[in-house]
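S.K.: See my_file_17.txt below, with compact mmCIF, C-alpha atoms.
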```
# COMPACT_ATOMS: atom_id res chain seq x y z
CA MET Z 1 102.73 99.99 87.53
CA LYS Z 2 102.02 99.48 83.85
CA TYR Z 3 100.80 102.21 81.52
CA VAL Z 4 98.95 102.42 78.23
CA LYS Z 5 98.15 105.26 75.86
CA LEU Z 6 94.81 106.94 76.39
CA GLY Z 7 93.23 106.08 73.06
CA LYS Z 8 94.88 108.00 70.24
CA THR Z 9 96.32 110.69 72.52
CA ASN Z 10 99.91 110.91 73.73
CA ILE Z 11 98.73 110.65 77.35
CA ASP Z 12 100.04 107.69 79.36
CA VAL Z 13 97.57 106.29 81.91
CA SER Z 14 98.01 103.59 84.52
CA VAL Z 15 96.24 100.31 83.79
CA ILE Z 16 94.56 100.70 87.17
CA ALA Z 17 92.50 103.84 87.63
CA LEU Z 18 91.30 105.05 90.99
CA GLY Z 19 87.52 105.29 91.02
CA CYS Z 20 86.42 108.19 93.21
CA TRP Z 21 82.82 107.04 93.80
CA ALA Z 22 83.53 106.38 97.50
CA PHE Z 23 84.86 109.89 98.03
CA GLY Z 24 81.38 111.35 97.50
CA GLY Z 25 80.55 110.84 101.18
CA GLY Z 26 77.22 110.01 102.76
CA GLY Z 27 75.74 106.58 103.43
CA TYR Z 28 75.47 105.62 99.76
CA TRP Z 29 78.72 106.90 98.30
CA GLY Z 30 81.07 105.36 100.85
CA ASN Z 31 83.34 107.37 103.09
CA ARG Z 32 80.59 109.29 104.88
CA GLU Z 33 82.45 112.52 104.26
CA ASN Z 34 85.67 111.33 105.88
CA ASP Z 35 87.75 113.35 103.47
CA GLU Z 36 91.05 112.70 105.23
CA ILE Z 37 90.76 108.97 104.50
CA SER Z 38 89.93 109.79 100.88
CA LEU Z 39 92.96 112.07 100.60
CA ARG Z 40 95.24 109.40 102.07
CA THR Z 41 93.84 106.89 99.59
CA ILE Z 42 94.70 109.24 96.71
CA ASP Z 43 98.24 109.71 98.07
CA THR Z 44 98.62 105.93 98.33
CA ALA Z 45 97.48 105.59 94.72
CA LEU Z 46 100.05 108.14 93.54
CA ASP Z 47 102.81 106.37 95.50
CA ALA Z 48 101.81 103.11 93.78
CA GLY Z 49 102.14 104.71 90.34
CA ILE Z 50 98.44 105.28 89.65
CA ASN Z 51 97.92 108.50 87.69
CA PHE Z 52 94.39 107.91 86.32
CA PHE Z 53 91.48 109.14 88.45
CA ASP Z 54 87.78 108.79 87.64
CA THR Z 55 85.03 110.94 89.12
CA ALA Z 56 81.58 112.26 88.16
CA GLU Z 57 79.38 115.22 89.00
CA VAL Z 58 76.76 112.94 90.59
CA TYR Z 59 79.16 111.35 93.10
CA GLY Z 60 78.02 112.97 96.33
CA ASP Z 61 76.55 115.89 94.37
CA GLY Z 62 80.04 117.02 93.38
CA HIS Z 63 81.76 116.20 96.68
CA SER Z 64 84.04 113.66 95.01
CA ASP Z 65 85.19 116.40 92.62
CA ARG Z 66 86.02 118.71 95.50
CA VAL Z 67 88.04 116.04 97.30
CA LEU Z 68 89.98 115.32 94.13
CA GLY Z 69 90.57 119.04 93.66
CA ARG Z 70 92.10 119.28 97.13
CA ALA Z 71 94.39 116.36 96.32
CA MET Z 72 95.53 117.92 93.04
CA LYS Z 73 96.49 121.27 94.54
CA ASN Z 74 100.03 122.24 93.46
CA ARG Z 75 100.55 118.90 91.65
CA ARG Z 76 97.98 118.82 88.84
CA ASP Z 77 100.56 117.31 86.46
CA LYS Z 78 100.55 114.07 88.49
CA PHE Z 79 96.89 113.42 87.64
CA VAL Z 80 95.02 112.28 84.54
CA VAL Z 81 91.41 113.09 85.40
CA ALA Z 82 88.31 111.62 83.82
CA THR Z 83 84.83 112.78 84.72
CA LYS Z 84 81.29 112.31 83.46
CA VAL Z 85 78.24 114.43 82.71
CA TYR Z 86 74.85 112.87 83.43
CA LEU Z 87 71.86 112.32 81.14
CA ASP Z 88 69.93 115.41 82.15
CA LYS Z 89 72.69 117.66 80.79
CA MET Z 90 73.19 116.35 77.26
CA ARG Z 91 71.99 119.51 75.53
CA LYS Z 92 74.82 121.73 74.38
CA PRO Z 93 74.35 124.67 76.79
CA ASP Z 94 73.79 122.40 79.79
CA LEU Z 95 76.76 120.20 78.96
CA ILE Z 96 79.10 123.17 78.68
CA VAL Z 97 77.89 124.55 82.01
CA SER Z 98 78.37 121.12 83.59
CA CYS Z 99 81.97 121.00 82.41
CA GLU Z 100 82.68 124.48 83.72
CA GLU Z 101 81.16 123.63 87.09
CA SER Z 102 83.30 120.48 87.31
CA LEU Z 103 86.39 122.55 86.56
CA LYS Z 104 85.50 124.95 89.37
CA ARG Z 105 84.88 122.17 91.88
CA MET Z 106 88.21 120.54 91.07
CA GLU Z 107 89.98 123.90 90.86
CA THR Z 108 91.61 123.04 87.56
CA ASP Z 109 91.49 124.57 84.09
CA TYR Z 110 91.22 121.31 82.12
CA ILE Z 111 89.80 117.79 82.27
CA ASP Z 112 91.78 115.03 80.58
CA LEU Z 113 88.83 112.82 79.55
CA PHE Z 114 85.16 113.82 79.52
CA TYR Z 115 82.39 111.23 79.19
CA PRO Z 116 78.64 111.38 78.62
CA HIS Z 117 77.51 109.17 81.52
CA PHE Z 118 74.93 107.44 79.29
CA ALA Z 119 73.64 107.89 75.74
CA SER Z 120 70.62 110.19 75.59
CA LYS Z 121 67.42 108.99 73.97
CA GLU Z 122 66.02 112.54 73.76
CA VAL Z 123 68.95 114.71 72.65
CA THR Z 124 70.63 114.09 69.31
CA PHE Z 125 74.17 112.81 69.38
CA GLU Z 126 75.07 115.60 66.96
CA GLU Z 127 74.14 118.26 69.54
CA THR Z 128 75.83 116.48 72.43
CA PHE Z 129 79.09 115.80 70.65
CA GLU Z 130 79.21 119.25 69.10
CA ALA Z 131 79.48 120.50 72.68
CA PHE Z 132 82.25 118.01 73.45
CA GLU Z 133 84.15 119.12 70.36
CA LEU Z 134 83.80 122.77 71.34
CA LEU Z 135 85.13 122.08 74.82
CA LYS Z 136 88.08 120.27 73.29
CA VAL Z 137 88.85 123.17 70.94
CA GLN Z 138 88.67 125.53 73.92
CA GLY Z 139 91.21 123.40 75.80
CA LYS Z 140 88.80 122.65 78.64
CA ILE Z 141 88.97 118.92 77.88
CA ARG Z 142 91.74 116.90 76.24
CA GLY Z 143 89.80 113.84 75.14
CA ILE Z 144 86.27 112.48 74.66
CA GLY Z 145 85.07 109.14 75.99
CA LEU Z 146 81.88 107.12 76.20
CA SER Z 147 80.24 105.59 79.24
CA ASN Z 148 77.50 102.95 79.12
CA PHE Z 149 76.73 103.08 75.39
CA GLY Z 150 74.91 100.07 73.98
CA VAL Z 151 75.09 98.46 70.55
CA LYS Z 152 72.43 100.71 69.00
CA ALA Z 153 74.04 103.86 70.38
CA LEU Z 154 77.47 102.80 69.10
CA THR Z 155 75.97 102.14 65.66
CA ARG Z 156 74.35 105.58 65.62
CA LEU Z 157 77.64 107.21 66.56
CA ASP Z 158 79.38 105.30 63.80
CA GLU Z 159 76.78 106.41 61.24
CA ALA Z 160 77.31 110.00 62.37
CA GLY Z 161 81.07 109.65 61.87
CA MET Z 162 81.89 110.31 65.52
CA LEU Z 163 83.51 107.11 66.75
CA SER Z 164 86.95 108.03 65.40
CA LYS Z 165 87.02 110.83 68.01
CA ILE Z 166 86.43 108.53 70.99
CA GLU Z 167 89.37 107.56 73.21
CA LEU Z 168 87.87 105.07 75.67
CA HIS Z 169 84.58 103.36 76.59
CA GLN Z 170 83.76 102.97 80.28
CA LEU Z 171 81.58 99.93 80.96
CA PRO Z 172 80.45 97.86 83.95
CA TYR Z 173 82.35 94.59 83.84
CA SER Z 174 83.18 91.90 86.35
CA LEU Z 175 82.85 88.17 86.80
CA LEU Z 176 79.36 88.84 88.17
CA TRP Z 177 78.39 91.42 85.55
CA ARG Z 178 79.14 90.10 82.08
CA THR Z 179 76.22 91.67 80.21
CA ILE Z 180 78.55 93.59 77.89
CA GLU Z 181 79.63 90.25 76.42
CA TYR Z 182 76.30 90.12 74.57
CA GLY Z 183 77.61 92.51 71.91
CA ILE Z 184 78.72 95.77 73.51
CA ALA Z 185 82.28 94.66 74.21
CA GLN Z 186 82.63 93.10 70.75
CA GLN Z 187 81.35 96.19 68.97
CA THR Z 188 83.52 98.51 71.05
CA SER Z 189 86.60 96.47 70.17
CA ALA Z 190 85.58 96.34 66.51
CA TYR Z 191 85.81 100.14 66.46
CA ASP Z 192 89.30 99.89 68.04
CA ILE Z 193 88.15 101.65 71.20
CA GLY Z 194 89.59 100.38 74.46
CA ILE Z 195 87.44 99.43 77.44
CA ILE Z 196 87.89 100.69 80.99
CA CYS Z 197 85.90 98.56 83.45
CA TYR Z 198 83.97 99.84 86.45
CA SER Z 199 82.27 98.03 89.33
CA THR Z 200 85.08 95.52 88.89
CA LEU Z 201 84.44 93.80 92.24
CA ALA Z 202 80.66 93.96 91.80
CA GLN Z 203 80.31 96.48 94.63
CA GLY Z 204 82.03 94.17 97.09
CA LEU Z 205 80.54 90.82 96.06
CA LEU Z 206 83.97 89.78 94.76
CA SER Z 207 85.85 91.20 97.73
CA GLY Z 208 85.46 88.00 99.74
CA LEU Z 209 83.60 89.82 102.52
CA TYR Z 210 80.08 88.57 101.81
CA ASP Z 211 79.06 84.91 102.02
CA LYS Z 212 75.28 85.41 102.05
CA ILE Z 213 72.70 88.07 101.29
CA GLU Z 214 72.47 89.11 104.96
CA ASP Z 215 76.15 90.10 104.93
CA VAL Z 216 75.67 92.73 102.23
CA PRO Z 217 75.07 96.29 103.53
CA ASP Z 218 71.53 97.46 102.75
CA ASN Z 219 72.76 100.51 100.83
CA LEU Z 220 74.44 98.20 98.29
CA LYS Z 221 71.36 96.06 97.59
CA SER Z 222 70.29 98.18 94.64
CA THR Z 223 71.68 96.47 91.54
CA ARG Z 224 69.87 93.88 89.43
CA HIS Z 225 71.71 91.13 91.30
CA TYR Z 226 69.27 91.63 94.16
CA ASN Z 227 65.55 91.03 94.56
CA ALA Z 228 63.48 94.20 94.16
CA LYS Z 229 61.97 93.61 97.61
CA HIS Z 230 65.05 95.30 99.06
CA ILE Z 231 64.41 98.92 99.90
CA ASN Z 232 67.16 100.27 97.63
CA ALA Z 233 66.36 98.13 94.59
CA GLY Z 234 63.93 99.89 92.27
CA HIS Z 235 64.36 97.74 89.16
CA GLY Z 236 61.33 95.51 89.79
CA GLU Z 237 63.15 92.25 89.08
CA GLU Z 238 63.58 89.09 91.16
CA GLY Z 239 67.35 89.26 90.89
CA CYS Z 240 69.61 86.23 91.07
CA GLU Z 241 70.86 86.19 94.64
CA GLU Z 242 71.04 82.41 94.97
CA ASP Z 243 73.08 82.09 91.77
CA VAL Z 244 75.34 85.00 92.77
CA PHE Z 245 76.32 83.48 96.11
CA GLU Z 246 76.74 80.03 94.58
CA ALA Z 247 79.13 81.62 92.08
CA VAL Z 248 80.99 83.43 94.88
CA ARG Z 249 81.43 80.17 96.80
CA ASN Z 250 82.77 78.44 93.70
CA LEU Z 251 85.08 81.34 92.90
CA LYS Z 252 86.49 81.27 96.43
CA ARG Z 253 87.18 77.55 96.09
CA ILE Z 254 88.87 77.99 92.70
CA CYS Z 255 91.02 80.84 93.99
CA LYS Z 256 91.96 78.97 97.16
CA GLU Z 257 93.08 75.97 95.10
CA ALA Z 258 95.16 78.32 92.93
CA GLY Z 259 96.61 80.10 95.97
CA ILE Z 260 95.25 83.50 94.87
CA GLY Z 261 93.01 85.93 96.74
CA LEU Z 262 89.48 86.34 95.37
CA ALA Z 263 89.64 90.11 94.86
CA PRO Z 264 92.98 90.31 93.01
CA ALA Z 265 92.12 87.18 90.99
CA SER Z 266 88.79 88.73 89.96
CA LEU Z 267 90.59 91.86 88.79
CA ALA Z 268 93.26 89.82 87.02
CA TRP Z 269 90.49 87.96 85.16
CA LEU Z 270 89.41 91.24 83.59
CA TYR Z 271 92.84 91.73 82.02
CA THR Z 272 92.34 88.42 80.19
CA ARG Z 273 89.21 89.73 78.44
CA PRO Z 274 89.41 91.09 74.88
CA GLY Z 275 89.50 94.87 74.55
CA VAL Z 276 90.14 95.68 78.22
CA ARG Z 277 92.77 98.43 78.62
CA CYS Z 278 92.23 99.59 82.20
CA ILE Z 279 90.24 98.66 85.28
CA LEU Z 280 88.78 100.92 87.94
CA SER Z 281 89.47 100.22 91.59
CA GLY Z 282 87.08 101.98 93.95
CA PRO Z 283 88.46 101.48 97.47
CA GLU Z 284 87.30 103.44 100.50
CA ASN Z 285 90.72 103.46 102.16
CA PRO Z 286 94.44 102.86 101.50
CA ALA Z 287 94.38 99.27 102.78
CA GLN Z 288 91.68 98.27 100.29
CA LEU Z 289 93.60 99.96 97.49
CA LEU Z 290 96.83 98.10 98.29
CA GLU Z 291 94.92 94.82 98.35
CA ASN Z 292 93.41 95.52 94.94
CA ILE Z 293 96.64 96.56 93.22
CA ALA Z 294 98.12 93.19 94.14
CA VAL Z 295 96.54 92.20 90.83
CA LEU Z 296 99.66 93.53 89.10
CA GLU Z 297 101.69 90.75 90.68
CA ILE Z 298 99.38 87.99 89.47
CA ASN Z 299 99.90 85.90 86.37
CA LEU Z 300 96.48 84.29 86.17
CA PRO Z 301 96.80 80.88 84.47
CA ALA Z 302 94.46 80.38 81.54
CA GLU Z 303 93.06 77.24 83.19
CA VAL Z 304 92.12 79.17 86.34
CA ALA Z 305 90.61 82.03 84.30
CA GLY Z 306 88.54 79.47 82.40
CA LYS Z 307 87.21 77.93 85.60
CA MET Z 308 86.29 81.38 86.92
CA THR Z 309 84.44 82.14 83.70
CA ALA Z 310 82.52 78.87 83.87
CA ALA Z 311 81.59 79.49 87.50
CA THR Z 312 79.70 82.66 86.57
CA GLU Z 313 77.90 81.56 83.40
CA LYS Z 314 74.59 81.05 85.20
CA VAL Z 315 74.68 84.60 86.61
CA LYS Z 316 75.49 85.95 83.15
CA GLU Z 317 72.50 84.14 81.68
CA LYS Z 318 70.14 85.33 84.42
CA LEU Z 319 71.12 88.99 84.04
CA GLY Z 320 70.80 88.84 80.26
CA GLU Z 321 71.66 91.52 77.73
CA ASN Z 322 70.54 94.61 79.66
CA SER Z 323 73.75 96.33 80.74
CA ASP Z 324 72.13 98.84 83.10
CA MET Z 325 73.01 97.65 86.59
CA TRP Z 326 70.18 99.54 88.26
CA PHE Z 327 67.25 99.68 85.81
CA SER Z 328 65.40 97.01 83.86
CA GLY Z 329 63.38 96.69 80.70
CA GLU Z 330 62.22 99.90 79.09
CA GLN Z 331 63.73 101.90 81.95
CA SER Z 332 67.24 100.82 80.98
CA ARG Z 333 69.55 103.73 80.20
CA VAL Z 334 71.76 101.52 78.01
CA PHE Z 335 70.63 101.00 74.41
```
Output the file's structure as structure tokens, nothing else.
M.R.:
Amino acid sequence: MKYVKLGKTNIDVSVIALGCWAFGGGGYWGNRENDEISLRTIDTALDAGINFFDTAEVYGDGHSDRVLGRAMKNRRDKFVVATKVYLDKMRKPDLIVSCEESLKRMETDYIDLFYPHFASKEVTFEETFEAFELLKVQGKIRGIGLSNFGVKALTRLDEAGMLSKIELHQLPYSLLWRTIEYGIAQQTSAYDIGIICYSTLAQGLLSGLYDKIEDVPDNLKSTRHYNAKHINAGHGEEGCEEDVFEAVRNLKRICKEAGIGLAPASLAWLYTRPGVRCILSGPENPAQLLENIAVLEINLPAEVAGKMTAATEKVKEKLGENSDMWFSGEQSRVF
């Protein structure tokens, strides 16, 4: 395993972080409350050298936090924990309560990295980040991050003199979700803030499991890749399903010719992108995790990376600049 510093802190984090989305349980979040599989996945991650774990209060209404808390019992020092507070709790009192509730669920007295899940359009950044600063002074959090901030939000934070206090920016990024390349990634890097990527396999589209739209589980047909006719897609757009599966077919061919699996090659591609420090892997079980961390053994040739990039240009163009995976137009939470 390789490690990098968490922003300007002295905390070393693995370049692969374990995303705990699937541990939330239920039909949408992944493991359908099979906590024992989740706990074995966490143990497998630790054995592989992963020490960075990412959760959020909304994952299974806090269930992911509770699973992670069980795993950390009597070995908290093995974990660097990042979690997020959602948009409806950006006011100072609500944000502080949210942090304290997360601490209780995880049965710990500190969080290593605390993110606002999105930038609020209603609450001033000054109020929100005053709360983050207070939590840091109190020792309840060790670092402050950003999640899903757009160009305008980053500019506002810069004008308020707050960006120097940010350790990491969590953004959706994969071969099939390159919207951050329309300015967000460049501006983040310009402020010398590292990027940690989520939805790195495009919720399974880059796993190699799905060859056509019918193969994709209905609960996953909610992002802007898919036509809004699907029951779980509320964005109102036509999507770009035909272009997505054409890209997947081309990526499979490129990877086969290079002798590399699609999933690890897709993750390795992310490490070639400017500003990327870490990637999130969100497996449901130990086997999926071991498959994903094979990325560490791959030296992706520049020629292959270039072909993979070219194969997904049409999808990038169709999805455009909106970096909200689930909402479109004025509903977008990324600005």
S.K.: When you count only C-alpha atoms, which of these residues is closest to Ile50 of chain Z: Z:Glu321, Z:Glu159, Z:Asp12, Z:Glu100?
M.R.: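 Of all the options, Z:Asp12 lies closest to Ile50 of chain Z.
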S.K.: Nearest to Leu205 of chain Z: which of Z:Ile111, Z:Leu134, Z:Leu103, Z:Val244 is it, counting all atoms listed in the file?
M.R.: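 Of Z:Ile111, Z:Leu134, Z:Leu103, Z:Val244, the one nearest Leu205 of chain Z, counting all atoms listed in the file, is Z:Val244.
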S.K.: When you count only C-alpha atoms, which of these residues is closest to Asp109 of chain Z: Z:Lys121, Z:Arg142, Z:Lys89, Z:Arg224?
M.R.: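 Using only C-alpha atoms, Asp109 of chain Z sits closest to Z:Arg142.
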S.K.: So which one's closest to Glu167 of chain Z, Z:Gly194, Z:Gly183, Z:Gly261, Z:Gly234? Using all atoms listed in the file, please.
M.R.: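 Looking only at the distances to Glu167 of chain Z, the closest residue turns out to be Z:Gly194.
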S.K.: Could you state the separation of atom CA of Asp61 of chain Z and atom CA of Tyr86 of chain Z in Å, given to one decimal place?
M.R.: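 Atom CA of Tyr86 of chain Z lies at a distance of 11.5 Å from atom CA of Asp61 of chain Z.
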S.K.: Given the choices Z:Thr188, Z:Asn51, Z:Ser199, Z:Asn10, which gets closest to Asp324 of chain Z if the distance is worked out from all atoms listed in the file?
M.R.: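 The answer is Z:Ser199, which sits nearest to Asp324 of chain Z.
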S.K.: Which residues are close to Glu130 of chain Z, i.e. within 12 Å by all atoms listed in the file, leaving aside same-chain residues fewer than 6 positions away? Reply as JSON, numbers by chain.
M.R.: {"Z": [90, 91, 92, 93, 95, 96, 123, 124, 136, 137, 144, 160, 162, 165]}
S.K.: Using all atoms listed in the file, find the one residue out of Z:Tyr3, Z:Phe132, Z:Phe79, Z:Trp177 that sits nearest to Lys314 of chain Z.
M.R.: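 That would be Z:Trp177, the residue with the smallest distance to Lys314 of chain Z.
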S.K.: Just how far from atom CA of Leu175 of chain Z is atom CA of Asp43 of chain Z, in Å to one decimal?
M.R.: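 Value for the atom CA of Asp43 of chain Z-atom CA of Leu175 of chain Z distance: 28.8 Å.
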S.K.: Find the residues around His63 of chain Z up to 6 Å (all atoms listed in the file counted), leave out those fewer than 3 positions away in its own chain, and share them as a ChimeraX atom specification.
M.R.: /Z:24,60,66
S.K.: Suppose we keep C-alpha atoms; can you now write the selection as a JSON list (two decimals), in the frame of the given file?
M.R.:
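The resulting file, result07.json, is reproduced below:
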```json
[["chain", "number", "residue", "atom", "x", "y", "z"],
["Z", 24, "GLY", "CA", 81.38, 111.35, 97.50],
["Z", 60, "GLY", "CA", 78.02, 112.97, 96.33],
["Z", 66, "ARG", "CA", 86.02, 118.71, 95.50]]
```
S.K.: If we count all atoms listed in the file and set the cut-off at 9 Å, which residues sit around Asn232 of chain Z, ignoring sequence neighbours fewer than 5 positions away in its own chain? Please answer as a PDB file with C-alpha atoms, keeping the file's coordinate frame.
M.R.:
```pdb
ATOM      1  CA  ASP Z 218      71.530  97.460 102.750  1.00  0.00           C
ATOM      2  CA  ASN Z 219      72.760 100.510 100.830  1.00  0.00           C
ATOM      3  CA  LEU Z 220      74.440  98.200  98.290  1.00  0.00           C
ATOM      4  CA  LYS Z 221      71.360  96.060  97.590  1.00  0.00           C
ATOM      5  CA  SER Z 222      70.290  98.180  94.640  1.00  0.00           C
ATOM      6  CA  THR Z 223      71.680  96.470  91.540  1.00  0.00           C
TER       7      THR Z 223
END
```
